[in-house]
Structure formats: structure tokens, C-alpha cells
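Text of start32.txt (compact mmCIF, C-alpha atoms (C1' of nucleotides)) as supplied:
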```txt
# COMPACT_ATOMS: atom_id res chain seq x y z
CA MET C 1 -68.25 -31.22 32.30
CA PRO C 2 -68.86 -28.90 29.43
CA GLU C 3 -72.38 -29.04 28.04
CA LEU C 4 -74.01 -26.75 25.48
CA PRO C 5 -73.76 -23.51 27.53
CA GLU C 6 -70.12 -24.10 28.44
CA VAL C 7 -69.10 -24.89 24.85
CA GLU C 8 -71.06 -21.86 23.62
CA THR C 9 -69.16 -19.69 26.10
CA ILE C 10 -65.82 -21.07 24.92
CA VAL C 11 -66.76 -20.51 21.26
CA ASN C 12 -67.84 -16.93 21.96
CA GLU C 13 -64.52 -16.23 23.62
CA LEU C 14 -62.37 -17.92 20.97
CA LYS C 15 -64.21 -16.69 17.87
CA PRO C 16 -62.44 -13.31 17.56
CA LEU C 17 -59.11 -14.93 18.37
CA VAL C 18 -59.08 -17.74 15.79
CA GLU C 19 -61.26 -16.77 12.84
CA GLY C 20 -59.00 -15.80 9.94
CA LYS C 21 -55.95 -17.38 11.56
CA SER C 22 -53.99 -20.35 10.18
CA PHE C 23 -52.50 -23.29 12.04
CA GLN C 24 -48.73 -23.00 11.96
CA SER C 25 -47.98 -26.31 13.64
CA ILE C 26 -49.63 -29.02 15.73
CA LYS C 27 -47.94 -30.86 18.58
CA ILE C 28 -49.55 -34.08 19.77
CA PHE C 29 -48.48 -35.35 23.18
CA GLU C 30 -51.23 -37.96 23.55
CA THR C 31 -52.35 -39.80 20.41
CA ARG C 32 -55.44 -41.05 22.24
CA SER C 33 -56.77 -37.49 22.11
CA ILE C 34 -56.87 -37.63 18.30
CA ASP C 35 -59.70 -39.48 16.57
CA GLY C 36 -57.96 -40.81 13.46
CA ASN C 37 -54.37 -40.95 12.31
CA PRO C 38 -52.23 -38.37 14.18
CA ARG C 39 -49.81 -37.90 11.27
CA GLU C 40 -52.62 -37.27 8.79
CA PHE C 41 -54.28 -35.01 11.36
CA THR C 42 -51.20 -32.85 11.74
CA ALA C 43 -50.50 -32.70 8.02
CA ALA C 44 -54.09 -31.74 7.16
CA LEU C 45 -54.20 -28.90 9.68
CA LYS C 46 -50.81 -27.36 8.99
CA ASN C 47 -51.14 -24.00 7.17
CA ASN C 48 -54.91 -24.49 6.97
CA LYS C 49 -56.93 -21.35 7.62
CA ILE C 50 -59.92 -21.13 9.97
CA THR C 51 -62.83 -19.37 8.27
CA LYS C 52 -65.37 -19.90 11.02
CA LEU C 53 -65.74 -21.19 14.56
CA PHE C 54 -69.13 -22.39 15.76
CA ARG C 55 -70.79 -24.77 18.20
CA ARG C 56 -72.90 -27.82 17.38
CA GLY C 57 -74.24 -29.75 20.38
CA LYS C 58 -71.27 -30.11 22.72
CA TYR C 59 -68.73 -29.86 19.88
CA LEU C 60 -66.52 -26.95 18.94
CA CYS C 61 -66.39 -26.83 15.14
CA PHE C 62 -63.67 -25.08 13.16
CA SER C 63 -64.53 -24.56 9.47
CA LEU C 64 -61.35 -24.62 7.39
CA ILE C 65 -60.76 -22.84 4.12
CA ASN C 66 -60.29 -26.07 2.16
CA GLY C 67 -63.80 -27.26 3.12
CA SER C 68 -62.76 -29.64 5.87
CA HIS C 69 -63.62 -29.27 9.56
CA LEU C 70 -61.88 -29.74 12.89
CA THR C 71 -64.13 -30.71 15.78
CA ILE C 72 -63.18 -30.78 19.45
CA HIS C 73 -65.22 -32.56 22.11
CA LEU C 74 -64.10 -31.78 25.67
CA ARG C 75 -66.06 -34.61 27.31
CA MET C 76 -65.54 -34.48 31.07
CA THR C 77 -62.28 -32.76 31.85
CA GLY C 78 -61.13 -31.26 28.56
CA LYS C 79 -60.09 -27.60 28.42
CA LEU C 80 -58.84 -25.31 25.67
CA LEU C 81 -56.52 -22.77 27.25
CA GLN C 82 -54.45 -19.87 26.00
CA LYS C 83 -52.07 -20.16 28.94
CA PRO C 84 -52.05 -23.47 30.80
CA GLY C 85 -51.51 -23.26 34.56
CA LYS C 86 -48.85 -25.14 36.45
CA LYS C 87 -51.16 -28.06 37.23
CA ASP C 88 -52.28 -28.25 33.58
CA LYS C 89 -48.81 -29.01 32.19
CA LYS C 90 -49.00 -32.66 33.25
CA TYR C 91 -52.21 -33.14 31.28
CA LEU C 92 -51.30 -31.28 28.09
CA ARG C 93 -52.46 -33.50 25.20
CA VAL C 94 -52.34 -31.30 22.09
CA LYS C 95 -50.89 -27.89 21.30
CA LEU C 96 -52.33 -25.89 18.41
CA VAL C 97 -49.85 -23.21 17.38
CA PHE C 98 -51.06 -20.20 15.39
CA ASP C 99 -48.06 -17.89 15.67
CA LYS C 100 -45.26 -16.92 18.04
CA LYS C 101 -47.67 -15.14 20.37
CA PHE C 102 -50.75 -17.30 20.18
CA ALA C 103 -51.42 -21.01 20.72
CA LEU C 104 -54.26 -23.06 22.15
CA TYR C 105 -53.49 -25.83 24.62
CA PHE C 106 -55.80 -28.83 24.79
CA VAL C 107 -55.55 -30.03 28.39
CA ASP C 108 -57.47 -33.11 29.51
CA ILE C 109 -56.96 -35.11 32.72
CA ARG C 110 -59.04 -38.14 31.76
CA LYS C 111 -58.12 -38.36 28.08
CA PHE C 112 -61.78 -38.72 27.08
CA GLY C 113 -61.81 -35.58 24.95
CA LYS C 114 -61.17 -35.88 21.22
CA LEU C 115 -60.00 -33.78 18.29
CA LYS C 116 -61.23 -35.00 14.91
CA LEU C 117 -60.70 -33.92 11.34
CA TRP C 118 -63.62 -34.18 8.91
CA PRO C 119 -62.79 -34.23 5.18
CA GLU C 120 -64.89 -31.99 2.96
CA LYS C 121 -66.76 -34.96 1.49
CA ASP C 122 -67.99 -36.12 4.91
CA VAL C 123 -71.18 -34.83 6.50
CA LEU C 124 -70.25 -33.09 9.73
CA LEU C 125 -71.58 -34.77 12.90
CA PRO C 126 -74.38 -36.63 11.10
CA ALA C 127 -75.79 -38.38 14.16
CA LEU C 128 -76.63 -35.28 16.18
CA GLY C 129 -80.23 -34.29 16.85
CA PRO C 130 -81.44 -30.68 16.57
CA GLU C 131 -80.33 -27.87 18.86
CA PRO C 132 -82.53 -27.54 21.95
CA LEU C 133 -82.53 -23.74 22.01
CA ASP C 134 -86.11 -23.04 20.98
CA SER C 135 -89.25 -24.55 22.49
CA PRO C 136 -91.10 -25.48 19.25
CA THR C 137 -88.12 -27.65 18.19
CA VAL C 138 -87.86 -29.35 21.59
CA PHE C 139 -91.63 -29.89 21.70
CA LYS C 140 -91.65 -31.43 18.22
CA VAL C 141 -88.82 -33.83 19.10
CA LEU C 142 -90.34 -34.97 22.41
CA ILE C 143 -93.88 -35.35 21.08
CA SER C 144 -92.71 -37.38 18.11
CA LEU C 145 -90.61 -39.64 20.38
CA LYS C 146 -93.49 -40.12 22.78
CA THR C 147 -95.07 -42.92 20.78
CA LYS C 148 -91.79 -44.47 19.66
CA THR C 149 -89.94 -45.33 22.86
CA THR C 150 -90.35 -46.76 26.34
CA ARG C 151 -87.35 -44.87 27.72
CA VAL C 152 -87.52 -42.49 30.68
CA VAL C 153 -87.41 -38.75 30.04
CA LYS C 154 -83.97 -38.18 31.61
CA THR C 155 -82.43 -40.72 29.24
CA ILE C 156 -84.05 -39.01 26.26
CA LEU C 157 -82.72 -35.58 27.27
CA LEU C 158 -79.20 -37.01 27.48
CA ASP C 159 -79.51 -38.76 24.11
CA GLN C 160 -77.54 -36.63 21.63
CA HIS C 161 -79.40 -38.26 18.72
CA ALA C 162 -82.64 -36.80 20.08
CA LEU C 163 -81.40 -33.34 21.10
CA ALA C 164 -77.80 -32.17 20.84
CA GLY C 165 -76.06 -30.46 23.72
CA VAL C 166 -77.95 -31.36 26.89
CA GLY C 167 -75.87 -33.06 29.60
CA ASN C 168 -76.49 -34.29 33.11
CA ILE C 169 -76.60 -30.91 34.85
CA TYR C 170 -79.06 -29.09 32.60
CA ALA C 171 -81.22 -32.18 32.12
CA ASP C 172 -81.78 -32.31 35.89
CA GLU C 173 -82.31 -28.54 36.11
CA ALA C 174 -84.85 -28.54 33.26
CA LEU C 175 -86.77 -31.48 34.74
CA PHE C 176 -86.97 -29.67 38.08
CA LEU C 177 -88.22 -26.48 36.44
CA GLY C 178 -90.71 -28.51 34.43
CA GLY C 179 -91.92 -30.34 37.55
CA ILE C 180 -91.22 -33.76 36.04
CA HIS C 181 -89.63 -36.73 37.84
CA PRO C 182 -86.51 -37.83 35.90
CA GLN C 183 -87.59 -41.49 36.05
CA THR C 184 -90.91 -40.89 34.24
CA GLN C 185 -91.31 -42.67 30.93
CA LEU C 186 -91.77 -40.12 28.15
CA CYS C 187 -94.84 -41.98 26.89
CA ARG C 188 -96.55 -41.45 30.24
CA ILE C 189 -96.02 -37.69 30.38
CA GLU C 190 -99.03 -35.64 29.38
CA ASP C 191 -98.68 -33.19 26.50
CA ALA C 192 -99.07 -30.17 28.79
CA ALA C 193 -96.07 -31.28 30.85
CA ILE C 194 -94.04 -31.95 27.70
CA LYS C 195 -94.91 -28.43 26.61
CA ARG C 196 -93.69 -27.09 29.95
CA LEU C 197 -90.42 -29.00 29.62
CA SER C 198 -90.01 -27.72 26.07
CA GLN C 199 -90.28 -24.18 27.37
CA VAL C 200 -87.96 -24.46 30.38
CA LEU C 201 -85.15 -26.37 28.65
CA PRO C 202 -84.22 -23.62 26.13
CA ARG C 203 -84.74 -21.04 28.85
CA ILE C 204 -82.30 -22.66 31.31
CA LEU C 205 -79.70 -23.24 28.59
CA LYS C 206 -79.83 -19.58 27.53
CA ARG C 207 -79.66 -18.43 31.12
CA ALA C 208 -76.59 -20.62 31.70
CA ILE C 209 -74.97 -19.13 28.57
CA LYS C 210 -75.53 -15.66 30.04
CA ASN C 211 -73.82 -16.90 33.21
CA LYS C 212 -70.89 -18.28 31.17
CA GLY C 213 -71.65 -21.85 32.17
CA THR C 214 -71.34 -23.94 35.31
CA THR C 215 -67.95 -24.51 36.95
CA LEU C 216 -68.05 -27.37 39.45
CA SER C 217 -64.50 -28.63 39.18
CA ASP C 218 -62.81 -28.71 35.78
CA TYR C 219 -64.58 -26.41 33.37
CA GLN C 220 -62.66 -23.25 32.47
CA THR C 221 -62.96 -20.75 29.64
CA PRO C 222 -59.86 -20.24 27.40
CA ASP C 223 -58.72 -17.26 29.50
CA SER C 224 -58.78 -19.62 32.51
CA GLY C 225 -61.95 -18.01 33.87
CA ALA C 226 -64.78 -19.81 35.66
CA GLY C 227 -68.50 -19.79 34.99
CA ASP C 228 -71.14 -18.40 37.36
CA HIS C 229 -74.11 -20.67 36.83
CA GLN C 230 -73.15 -23.08 39.64
CA HIS C 231 -74.61 -20.45 42.00
CA PHE C 232 -78.00 -20.79 40.33
CA LEU C 233 -78.41 -24.58 40.27
CA LYS C 234 -81.71 -25.71 41.81
CA VAL C 235 -81.12 -29.46 42.20
CA TYR C 236 -77.88 -30.67 40.60
CA GLY C 237 -75.35 -31.62 43.30
CA ARG C 238 -77.79 -30.66 46.10
CA GLU C 239 -78.51 -34.12 47.54
CA GLY C 240 -79.73 -33.83 51.14
CA LEU C 241 -80.24 -30.07 50.94
CA PRO C 242 -83.69 -28.43 51.10
CA CYS C 243 -85.55 -27.67 47.88
CA TYR C 244 -85.59 -23.91 47.24
CA THR C 245 -89.29 -24.13 46.38
CA CYS C 246 -90.80 -26.39 49.05
CA GLY C 247 -88.03 -27.24 51.53
CA THR C 248 -88.21 -30.98 50.90
CA GLU C 249 -84.87 -32.80 50.90
CA ILE C 250 -83.37 -33.16 47.41
CA LEU C 251 -82.82 -36.81 46.52
CA ARG C 252 -80.37 -38.52 44.22
CA THR C 253 -81.04 -41.61 42.17
CA ARG C 254 -79.23 -43.46 39.43
CA ILE C 255 -80.58 -43.50 35.90
CA ASN C 256 -78.56 -45.35 33.28
CA GLY C 257 -75.48 -45.13 35.47
CA ARG C 258 -75.78 -41.40 35.97
CA SER C 259 -76.63 -39.38 39.06
CA SER C 260 -80.01 -37.71 38.88
CA TYR C 261 -80.99 -35.08 41.42
CA PHE C 262 -84.63 -34.17 41.98
CA CYS C 263 -87.17 -32.87 44.48
CA PRO C 264 -89.60 -35.70 45.32
CA ARG C 265 -92.37 -33.19 46.08
CA CYS C 266 -92.03 -30.69 43.21
CA GLN C 267 -91.30 -33.51 40.76
CA GLY C 268 -93.63 -36.10 42.27
C1' DC Y 269 -84.58 -52.24 15.41
C1' DC Y 270 -84.45 -51.09 20.37
C1' DT Y 271 -82.43 -50.85 24.93
C1' DT Y 272 -79.00 -51.66 28.45
C1' DA Y 273 -74.41 -52.62 30.31
C1' DG Y 274 -69.59 -52.19 29.91
C1' DT Y 275 -65.52 -49.42 28.54
C1' DC Y 276 -62.29 -45.70 28.67
C1' DC Y 277 -59.36 -42.56 32.35
C1' DT Y 278 -57.55 -40.31 36.59
C1' DG Y 279 -58.24 -37.47 40.77
C1' DC Y 280 -60.61 -37.40 44.74
C1' DA Y 281 -63.43 -39.01 48.67
C1' DT Y 282 -64.20 -42.68 51.73
C1' DG Y 283 -63.22 -46.57 54.89
C1' DC Y 284 -60.35 -49.53 57.62
C1' DT W 285 -50.64 -42.12 57.67
C1' DG W 286 -51.14 -45.62 54.07
C1' DC W 287 -53.49 -48.44 51.11
C1' DA W 288 -57.49 -50.24 48.65
C1' DT W 289 -61.85 -49.37 46.81
C1' DG W 290 -65.24 -46.99 44.33
C1' DC W 291 -67.22 -43.02 42.30
C1' DA W 292 -67.68 -39.22 38.64
C1' DG W 293 -69.62 -39.50 33.49
C1' DG W 294 -70.13 -38.57 27.42
C1' DA W 295 -70.16 -41.26 23.81
C1' DC W 296 -68.97 -45.35 21.76
C1' DT W 297 -69.34 -50.57 21.38
C1' DA W 298 -71.03 -55.02 22.43
C1' DA W 299 -74.47 -57.81 23.97
C1' DG W 300 -79.22 -59.07 25.13
```

Rewrite the coordinates I just gave you, this time as C-alpha cells.
Amino acid sequence: MPELPEVETIVNELKPLVEGKSFQSIKIFETRSIDGNPREFTAALKNNKITKLFRRGKYLCFSLINGSHLTIHLRMTGKLLQKPGKKDKKYLRVKLVFDKKFALYFVDIRKFGKLKLWPEKDVLLPALGPEPLDSPTVFKVLISLKTKTTRVVKTILLDQHALAGVGNIYADEALFLGGIHPQTQLCRIEDAAIKRLSQVLPRILKRAIKNKGTTLSDYQTPDSGAGDHQHFLKVYGREGLPCYTCGTEILRTRINGRSSYFCPRCQG
DNA sequence: CCTTAGTCCTGCATGC
DNA sequence: TGCATGCAGGACTAAG
């Protein structure tokens, strides 16, 4: 499941390949993968030139020369590949053709991922909170929410309106590094601990970017490569295994329908 | 307004 | 081995 570091890795890899290029044609195999009218989508992209590719939260954003934007959200199983593998063919949803030699294949098993076109007059991704890549920003967001909500901290970290880009894996990792139990209400966390969390969250995200993201099952970079950060996870997916810090068994609980892994001793 | 539960989708793991 | 069940979850929507 691509979160901020995975999307950042994909953008870094694609940037030199797509900036300055124009869409020659678009082939839609699954209309569900398009947010909006597929015909209008195809027509608007055709012969449109990409001026810039960037990331915002978990979205890939293509700036187009006419002022509009294309966004792609990969959700759980979405991939953007230059050369789909044999197993990918069955799940090919959209093909973006640039020229005879170069196309991008949007492959998505679960059909949750979406491509969306944003007209120039629309504000791009208006509901997203700030990027969680520097600690003063994260601290400001969490402190200001502290008096406004009764929700638990894990839920807040996953809320894209609060901070954009954090998903289940890095939320759990940051809470472990910050020594905070995922089920703690934000309003009950002391400022010093919020400060700690604000420092470790940007740090873990940047470290995961350096490691080209976490590949557990589906995530792949456009050249079909895997990430390395799965080898550095402290708690995510480690239920029943000993904590690297204290040896206590890592537990798993459910918060808002999502698995949350934590060390009951380090995050007591 | 705020918060929670249900929905989408398909492969995979589990149990009998 | 086969079949049924349930689990995984990001973001949206409906309901409380």
C-alpha cells in the first residue's frame, strides 16, 4: 500500500521520464478506475503536455500545460509500470501512451485506485492537510487538534485532512519510535510526547524515502523494482515477535477497522 | 459539527 | 482436494 514515501519514490523515478512529454493516447480498460467521465478524461488528456510531476500526500500530480492537472491515487494495490509483467496483464486498467517507445500502465488488482482530471478553475486536492515532512508543521497540527477532538492519536495520523500522506505502516512505526500507544486519545498526550512524535514522524518518512519505500506485497516502482524499508520496520506486521528494544511480544489491535501493531512495554 | 460504521474489490490464508 | 468464510485497507458516504 503506497504511502507518502512510496509515492515520492515513484515520482522521483518518473519525473525525468514524463516531464516535457505529451499524452498521445489513453486507453481505458476499467471505467471504475477513472473518477469522472471516461470520454471527457481521454479527450482532455490527449495531446496535453506534462510540465511538472510532483507528489501531494499520497497522490501523484501531473501539471499540464493548459493549467489542468491529472492526479493518480494508487490506494492499496495500484501500480504505475513501464513494462507490466505477465501477472499484471489481467489487472491492466488504464494505459497512458506517450510515444511508440514509452507508455505507462496503470495496473490495479482491487480497482480502488483512481485517475482524476482537475480543470484549471478547480483547486487541486483542497481537502488535504499539510505535508508531514518537517517537525514544526506536525507539532503545530497536533497541538492545535489536541483541544478540538476526542479521537485517538492513530486515527488522527491516518486522517488525510489533518496530515497528508501518512498511512497505516508509518503511523505505527512513528508511534513506536515516539513511545506512544496507538489507542491514546490525542487530548491525553502530554506536549513533550507530542513533540517527540512530531520529530520522529518526519524522520521515519524521510528514512523510508531513502530506502525507496516498503514492499510487503504489491508495491513496485515503475521499473518493477521493490523497496527496501520492509527490512527496517520495528512493529508493523510483527505481531507475536519480540520487540527489538525490550524483547516484549509485539501485539496487534484494531483501531477504526485497521490493524495497529505496537509494543505494550515501549508504548505503555 | 463531530465521529463511527459500512462500502468498494480481489487474492490469499484459514478451517472443516 | 474443494469449498466457504473472512481478512487486508484508503477514502468516500451514510448514519448516529

Interface, chain W side, toward chain C (12 Å; only C-alpha atoms (C1' of nucleotides)) as a PyMOL selection string
chain W and resi 291-296

Expected answer as a short mmCIF file (atom, residue, chain, number, x, y, z; two decimals) with C-alpha atoms (C1' of nucleotides), in the coordinates of the input: chain Y residues within 9 Å of chain C, all atoms listed in the file:
```
data_model
loop_
_atom_site.label_atom_id
_atom_site.label_comp_id
_atom_site.auth_asym_id
_atom_site.auth_seq_id
_atom_site.Cartn_x
_atom_site.Cartn_y
_atom_site.Cartn_z
"C1'" DC Y 270 -84.45 -51.09 20.37
"C1'" DT Y 271 -82.43 -50.85 24.93
"C1'" DT Y 272 -79.00 -51.66 28.45
"C1'" DA Y 273 -74.41 -52.62 30.31
"C1'" DC Y 276 -62.29 -45.70 28.67
"C1'" DC Y 277 -59.36 -42.56 32.35
"C1'" DT Y 278 -57.55 -40.31 36.59
"C1'" DG Y 279 -58.24 -37.47 40.77
#
```

Shell around Asn66 (chain C) at 8 Å using only C-alpha atoms (C1' of nucleotides), local window under 3 positions removed, as a short mmCIF file (atom, residue, chain, number, x, y, z; two decimals) with C-alpha atoms, keeping the file's coordinate frame:
```cif
data_model
loop_
_atom_site.label_atom_id
_atom_site.label_comp_id
_atom_site.auth_asym_id
_atom_site.auth_seq_id
_atom_site.Cartn_x
_atom_site.Cartn_y
_atom_site.Cartn_z
CA ASN C 48 -54.91 -24.49 6.97
CA LYS C 49 -56.93 -21.35 7.62
CA GLU C 120 -64.89 -31.99 2.96
#
```

Can you list, as an MDAnalysis selection string, every protein, DNA or RNA residue that comes within 10 Å of Ile209 (chain C) when you count all atoms listed in the file, leaving out same-chain residues fewer than 4 positions away?
chainID C and resid 4:9 12 203:205 213:214 227:229

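Candidate residues C:Ile28, C:Leu70, C:Leu96, C:Cys246 were compared for distance to Leu117 (chain C), and the nearest is C:Leu70, using all atoms listed in the file.
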
Skipping near chain neighbours, those fewer than 3 positions away, what residues fall within 12 Å of DG290 (chain W) using only C-alpha atoms (C1' of nucleotides), listed as an MDAnalysis selection string?
chainID Y and resid 280:283

Would you compute the distance between CA of Val123 (chain C) and CA of Lys52 (chain C)? Give it in Å to one decimal.
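CA of Lys52 (chain C) lies 16.6 Å from CA of Val123 (chain C).
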
Expressed in Å to a single decimal, how great is the separation between CA of Pro126 (chain C) and CA of Lys210 (chain C)?
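Interatomic distance here is 28.3 Å.
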
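Distance-wise, CA of Ala43 (chain C) and CA of Tyr105 (chain C) end up 18.2 Å apart.
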
Slice of the block: chain Y, N, CA, C and O atoms (P, O5', C5', C4', C3', O3' and C1' of nucleotides), as a compact mmCIF listing (two decimals), in the first residue's frame:
```txt
# COMPACT_ATOMS: atom_id res chain seq x y z
P DC Y 269 -20.44 22.77 9.37
O5' DC Y 269 -20.03 22.05 10.74
C5' DC Y 269 -19.52 22.82 11.81
C4' DC Y 269 -19.40 21.93 13.01
C3' DC Y 269 -18.31 20.87 12.84
O3' DC Y 269 -17.37 20.98 13.89
C1' DC Y 269 -20.38 19.88 13.53
P DC Y 270 -16.01 20.19 13.80
O5' DC Y 270 -16.38 18.77 14.41
C5' DC Y 270 -16.70 18.65 15.79
C4' DC Y 270 -17.08 17.22 16.08
C3' DC Y 270 -16.03 16.19 15.64
O3' DC Y 270 -15.51 15.52 16.77
C1' DC Y 270 -18.24 15.52 15.04
P DT Y 271 -14.26 14.55 16.61
O5' DT Y 271 -14.94 13.13 16.41
C5' DT Y 271 -15.78 12.61 17.43
C4' DT Y 271 -16.48 11.37 16.93
C3' DT Y 271 -15.54 10.28 16.41
O3' DT Y 271 -15.60 9.16 17.27
C1' DT Y 271 -17.44 10.59 14.99
P DT Y 272 -14.74 7.84 16.99
O5' DT Y 272 -15.78 6.92 16.22
C5' DT Y 272 -17.03 6.63 16.84
C4' DT Y 272 -17.90 5.83 15.88
C3' DT Y 272 -17.24 4.56 15.32
O3' DT Y 272 -18.15 3.49 15.49
C1' DT Y 272 -18.15 5.87 13.58
P DA Y 273 -17.68 1.98 15.22
O5' DA Y 273 -18.57 1.56 13.96
C5' DA Y 273 -19.97 1.80 13.98
C4' DA Y 273 -20.55 1.53 12.61
C3' DA Y 273 -20.05 0.24 11.94
O3' DA Y 273 -21.16 -0.40 11.34
C1' DA Y 273 -19.60 2.10 10.54
P DG Y 274 -20.99 -1.83 10.62
O5' DG Y 274 -21.14 -1.42 9.08
C5' DG Y 274 -22.32 -0.74 8.64
C4' DG Y 274 -22.16 -0.31 7.20
C3' DG Y 274 -21.73 -1.42 6.24
O3' DG Y 274 -22.54 -1.35 5.08
C1' DG Y 274 -20.26 0.42 6.03
P DT Y 275 -22.48 -2.52 3.99
O5' DT Y 275 -21.58 -1.86 2.86
C5' DT Y 275 -22.07 -0.72 2.15
C4' DT Y 275 -21.01 -0.25 1.17
C3' DT Y 275 -20.39 -1.35 0.32
O3' DT Y 275 -20.85 -1.23 -1.01
C1' DT Y 275 -18.74 0.19 1.17
P DC Y 276 -20.77 -2.52 -1.96
O5' DC Y 276 -19.42 -2.24 -2.76
C5' DC Y 276 -19.28 -1.04 -3.53
C4' DC Y 276 -17.82 -0.79 -3.77
C3' DC Y 276 -17.08 -1.96 -4.42
O3' DC Y 276 -16.81 -1.64 -5.77
C1' DC Y 276 -15.82 -0.92 -2.65
P DC Y 277 -17.03 -2.80 -6.87
O5' DC Y 277 -15.74 -3.71 -6.65
C5' DC Y 277 -14.48 -3.24 -7.09
C4' DC Y 277 -13.39 -4.13 -6.55
C3' DC Y 277 -13.57 -5.61 -6.81
O3' DC Y 277 -12.87 -5.91 -8.01
C1' DC Y 277 -12.63 -5.14 -4.65
P DT Y 278 -13.08 -7.34 -8.72
O5' DT Y 278 -11.91 -8.21 -8.05
C5' DT Y 278 -10.56 -7.82 -8.26
C4' DT Y 278 -9.68 -8.59 -7.32
C3' DT Y 278 -9.79 -10.12 -7.46
O3' DT Y 278 -8.49 -10.62 -7.61
C1' DT Y 278 -9.94 -9.47 -5.20
P DG Y 279 -8.23 -12.13 -8.11
O5' DG Y 279 -7.02 -12.50 -7.13
C5' DG Y 279 -5.92 -11.60 -7.04
C4' DG Y 279 -5.19 -11.83 -5.74
C3' DG Y 279 -4.76 -13.28 -5.51
O3' DG Y 279 -3.47 -13.27 -4.93
C1' DG Y 279 -6.18 -12.60 -3.74
P DC Y 280 -2.61 -14.61 -4.86
O5' DC Y 280 -2.67 -14.93 -3.30
C5' DC Y 280 -2.29 -13.91 -2.38
C4' DC Y 280 -2.82 -14.26 -1.01
C3' DC Y 280 -2.50 -15.69 -0.57
O3' DC Y 280 -1.75 -15.63 0.62
C1' DC Y 280 -4.77 -15.11 -0.12
P DA Y 281 -0.97 -16.93 1.17
O5' DA Y 281 -1.67 -17.18 2.58
C5' DA Y 281 -1.82 -16.10 3.49
C4' DA Y 281 -2.85 -16.46 4.54
C3' DA Y 281 -2.66 -17.84 5.15
O3' DA Y 281 -2.68 -17.73 6.57
C1' DA Y 281 -4.88 -17.58 4.34
P DT Y 282 -2.39 -19.00 7.48
O5' DT Y 282 -3.84 -19.50 7.88
C5' DT Y 282 -4.75 -18.61 8.54
C4' DT Y 282 -6.13 -19.22 8.59
C3' DT Y 282 -6.18 -20.65 9.15
O3' DT Y 282 -6.87 -20.64 10.39
C1' DT Y 282 -7.57 -20.39 7.23
P DG Y 283 -6.90 -21.96 11.31
O5' DG Y 283 -8.31 -22.61 10.93
C5' DG Y 283 -9.50 -21.83 11.04
C4' DG Y 283 -10.68 -22.66 10.56
C3' DG Y 283 -10.67 -24.11 11.05
O3' DG Y 283 -11.98 -24.48 11.48
C1' DG Y 283 -10.80 -24.06 8.68
P DC Y 284 -12.18 -25.78 12.45
O5' DC Y 284 -13.04 -26.77 11.53
C5' DC Y 284 -14.34 -26.37 11.09
C4' DC Y 284 -14.72 -27.19 9.87
C3' DC Y 284 -14.68 -28.71 10.08
O3' DC Y 284 -15.96 -29.27 9.85
C1' DC Y 284 -13.62 -28.07 8.04
```
